Amino acid sequence: LEDALREAAFQLCSPSVTIEKRVDLTPDPNSTADAVPGGNWSIAGTVSVPAVPDFAWVLPVSENPAANDTKTTGTDASGFATFQWLPTAAVGTSTFTATETVQAGFRNDQTATTCSYRTPDQSDTALNLNTVGDGTFTAEIPAESIVTCQFLNIAIPAPEISLQKRTNGSDADTVPGPTIASGKPVSWTYDVTNLGNTVLNNVQVTDQVTLPIAASGGTVSVQCPKSILIQGESMQC
């Protein structure tokens with residue numbers, strides 16, 4: 001009974017290709033482990049079944065017979081998009097091509113494009129891909145197989161830093177600025193924030209000071225609590 005149910009499940013769900021889309025929003029070297037599901041990415045799937053004249057689409061739309069060989073869908077909130085079709089007769093393999101629309105600010109990591117498949121008689125096994133390109137791949141899909149593939153996109157590095165100087169704790173950008181009585185001490189602090197999508201290393205702050213040091217072109221180094229800021233992190237110097 002167990003084998004019969006398993007066979008029936010594969011007949012209902014195969015052949016199919018489910019693509020998992022993941023995006024790395026923090027493009028630091030060797031850090032793709034923090035990639036997150038990529039929802040609302042457009043992926044097109046193209047099917048070719050050479051042994052039969054036509055086939056029916058099951059997913060992402062129900063269409064029998066298929067009006068065309070290509071269907072486009074968006075990934076769901078969990079980053080998945082599924083394509084399923086049914087040949088009109090028993091055949092061996094189908095050829096499937098997936099092509100994603102790479103969103104602005106990202107690049108496709110071709111080395112991370114992989115697929116695996118399983119059949120009623122075989123557990124998950126790596127699937128050899130015919131071709132892998134920039135946001136695309138082509139593979140031969142065995143009969144009665146359920147295929148799972150991965151696309152990984154990495155954000156293009158966009159480093160950005162902000163620096164806010166304060167006089168006695170006040171933002172002195174607006175004229176006339178804070179009032180300081182004669183003879184009273186003046187303290188300057190510097191708020192530094194990493195606004196980009198990469199880790200910032202070797203962060204240092206220097207400031208051009210008033211006379212007499214400035215007369216000789218001098219600057220002073222500002223003491224900061226750290227020199228590395230991760231994405232979104234701030235410090236006061």
# chains A, B, ... in the order shown; residues from 1 in each chain; ligands from 1
$ residues_around --residues "range 118-135 of chain A" --least-positions-apart "2" --cutoff "9 Å" --atoms "only C-alpha atoms" --output "NGL selection string"
:A and (3 or 6-7 or 9-10 or 14 or 98-102 or 107-111 or 113-116 or 137-148 or 151-153)
$ write_last_selection --atoms "N, CA and C atoms" --output "CSV table (one decimal), in the first residue's frame"
chain,number,residue,atom,x,y,z
A,3,ASP,N,3.9,1.6,-1.2
A,3,ASP,CA,4.5,1.8,-2.5
A,3,ASP,C,3.4,2.3,-3.5
A,6,ARG,N,2.9,6.0,-2.8
A,6,ARG,CA,4.0,6.8,-3.3
A,6,ARG,C,4.0,6.9,-4.8
A,7,GLU,N,3.7,5.9,-5.5
A,7,GLU,CA,3.6,5.9,-7.0
A,7,GLU,C,2.5,6.9,-7.4
A,9,ALA,N,1.4,9.5,-5.7
A,9,ALA,CA,1.8,10.8,-5.4
A,9,ALA,C,2.7,11.4,-6.5
A,10,PHE,N,3.6,10.6,-7.0
A,10,PHE,CA,4.5,11.0,-8.0
A,10,PHE,C,3.8,11.2,-9.4
A,14,SER,N,4.3,14.9,-10.9
A,14,SER,CA,5.5,14.9,-11.8
A,14,SER,C,5.0,14.8,-13.2
A,98,ALA,N,14.8,27.3,-17.2
A,98,ALA,CA,14.3,28.3,-16.3
A,98,ALA,C,15.1,29.6,-16.6
A,99,THR,N,14.4,30.7,-16.6
A,99,THR,CA,15.1,32.0,-16.8
A,99,THR,C,14.5,33.0,-15.9
A,100,GLU,N,15.3,33.6,-15.0
A,100,GLU,CA,14.8,34.6,-14.1
A,100,GLU,C,15.0,36.0,-14.6
A,101,THR,N,14.2,36.9,-14.1
A,101,THR,CA,14.5,38.3,-14.4
A,101,THR,C,15.3,38.9,-13.2
A,102,VAL,N,16.5,39.2,-13.4
A,102,VAL,CA,17.4,39.7,-12.3
A,102,VAL,C,17.0,41.1,-12.0
A,107,ARG,N,23.0,40.6,-8.7
A,107,ARG,CA,23.6,39.8,-9.7
A,107,ARG,C,23.4,38.3,-9.4
A,108,ASN,N,23.3,37.5,-10.4
A,108,ASN,CA,23.1,36.1,-10.3
A,108,ASN,C,24.4,35.4,-10.0
A,109,ASP,N,24.4,34.5,-9.0
A,109,ASP,CA,25.6,33.7,-8.7
A,109,ASP,C,25.5,32.3,-9.4
A,110,GLN,N,26.1,32.2,-10.6
A,110,GLN,CA,25.9,31.0,-11.4
A,110,GLN,C,26.5,29.8,-10.7
A,111,THR,N,27.5,29.9,-9.9
A,111,THR,CA,28.1,28.8,-9.2
A,111,THR,C,27.1,28.2,-8.2
A,113,THR,N,23.8,27.8,-8.8
A,113,THR,CA,22.6,27.2,-9.5
A,113,THR,C,22.8,25.7,-9.5
A,114,THR,N,21.9,25.0,-8.8
A,114,THR,CA,21.9,23.5,-8.7
A,114,THR,C,20.5,23.0,-8.7
A,115,CYS,N,20.5,21.7,-9.1
A,115,CYS,CA,19.2,21.0,-9.1
A,115,CYS,C,19.4,19.6,-8.6
A,116,SER,N,18.3,19.0,-8.0
A,116,SER,CA,18.3,17.6,-7.6
A,116,SER,C,16.9,17.1,-8.0
A,137,PHE,N,19.1,28.3,-16.6
A,137,PHE,CA,19.7,26.9,-16.7
A,137,PHE,C,18.8,26.1,-17.6
A,138,THR,N,19.3,25.0,-18.2
A,138,THR,CA,18.5,24.1,-18.9
A,138,THR,C,18.9,22.7,-18.4
A,139,ALA,N,17.9,21.8,-18.3
A,139,ALA,CA,18.1,20.5,-17.8
A,139,ALA,C,17.2,19.5,-18.4
A,140,GLU,N,17.6,18.2,-18.5
A,140,GLU,CA,16.7,17.1,-18.9
A,140,GLU,C,16.0,16.6,-17.7
A,141,ILE,N,14.7,16.6,-17.7
A,141,ILE,CA,13.9,16.2,-16.6
A,141,ILE,C,13.4,14.7,-16.8
A,142,PRO,N,13.9,13.8,-16.0
A,142,PRO,CA,13.4,12.4,-16.1
A,142,PRO,C,11.9,12.3,-15.9
A,143,ALA,N,11.4,11.2,-16.5
A,143,ALA,CA,9.9,11.0,-16.4
A,143,ALA,C,9.6,10.6,-14.9
A,144,GLU,N,8.5,11.0,-14.5
A,144,GLU,CA,8.0,10.8,-13.1
A,144,GLU,C,9.0,11.3,-12.1
A,145,SER,N,9.6,12.4,-12.3
A,145,SER,CA,10.5,13.0,-11.4
A,145,SER,C,10.0,14.3,-10.8
A,146,ILE,N,10.4,14.6,-9.6
A,146,ILE,CA,10.1,15.8,-8.9
A,146,ILE,C,11.5,16.5,-8.7
A,147,VAL,N,11.6,17.7,-9.3
A,147,VAL,CA,12.9,18.4,-9.3
A,147,VAL,C,12.9,19.6,-8.5
A,148,THR,N,13.9,19.8,-7.7
A,148,THR,CA,14.1,21.1,-6.9
A,148,THR,C,15.4,21.7,-7.3
A,151,PHE,N,18.2,29.1,-7.3
A,151,PHE,CA,18.8,30.3,-7.8
A,151,PHE,C,19.2,31.2,-6.6
A,152,LEU,N,20.5,31.7,-6.7
A,152,LEU,CA,21.0,32.6,-5.7
A,152,LEU,C,21.4,34.0,-6.3
A,153,ASN,N,20.9,35.1,-5.8
A,153,ASN,CA,21.2,36.4,-6.3
A,153,ASN,C,21.9,37.2,-5.1
$ select_by_dssp --residues "range 8-234 of chain A" --states "strand (DSSP E or B)" --output "ChimeraX atom specification"
/A:16-24,36-37,42-48,55-59,63,70-74,80-87,94-100,106-108,114-119,122-126,129-133,136-141,146-155,161-167,170-171,188-194,200,205-208,219-222,229,234
$ select_by_dssp --residues "chain A" --states "alpha helix (DSSP H)" --output "list of chain:residue names"
A:Glu2, A:Asp3, A:Ala4, A:Leu5, A:Arg6, A:Glu7, A:Ala8, A:Ala9, A:Phe10, A:Gln11, A:Leu12, A:Cys13
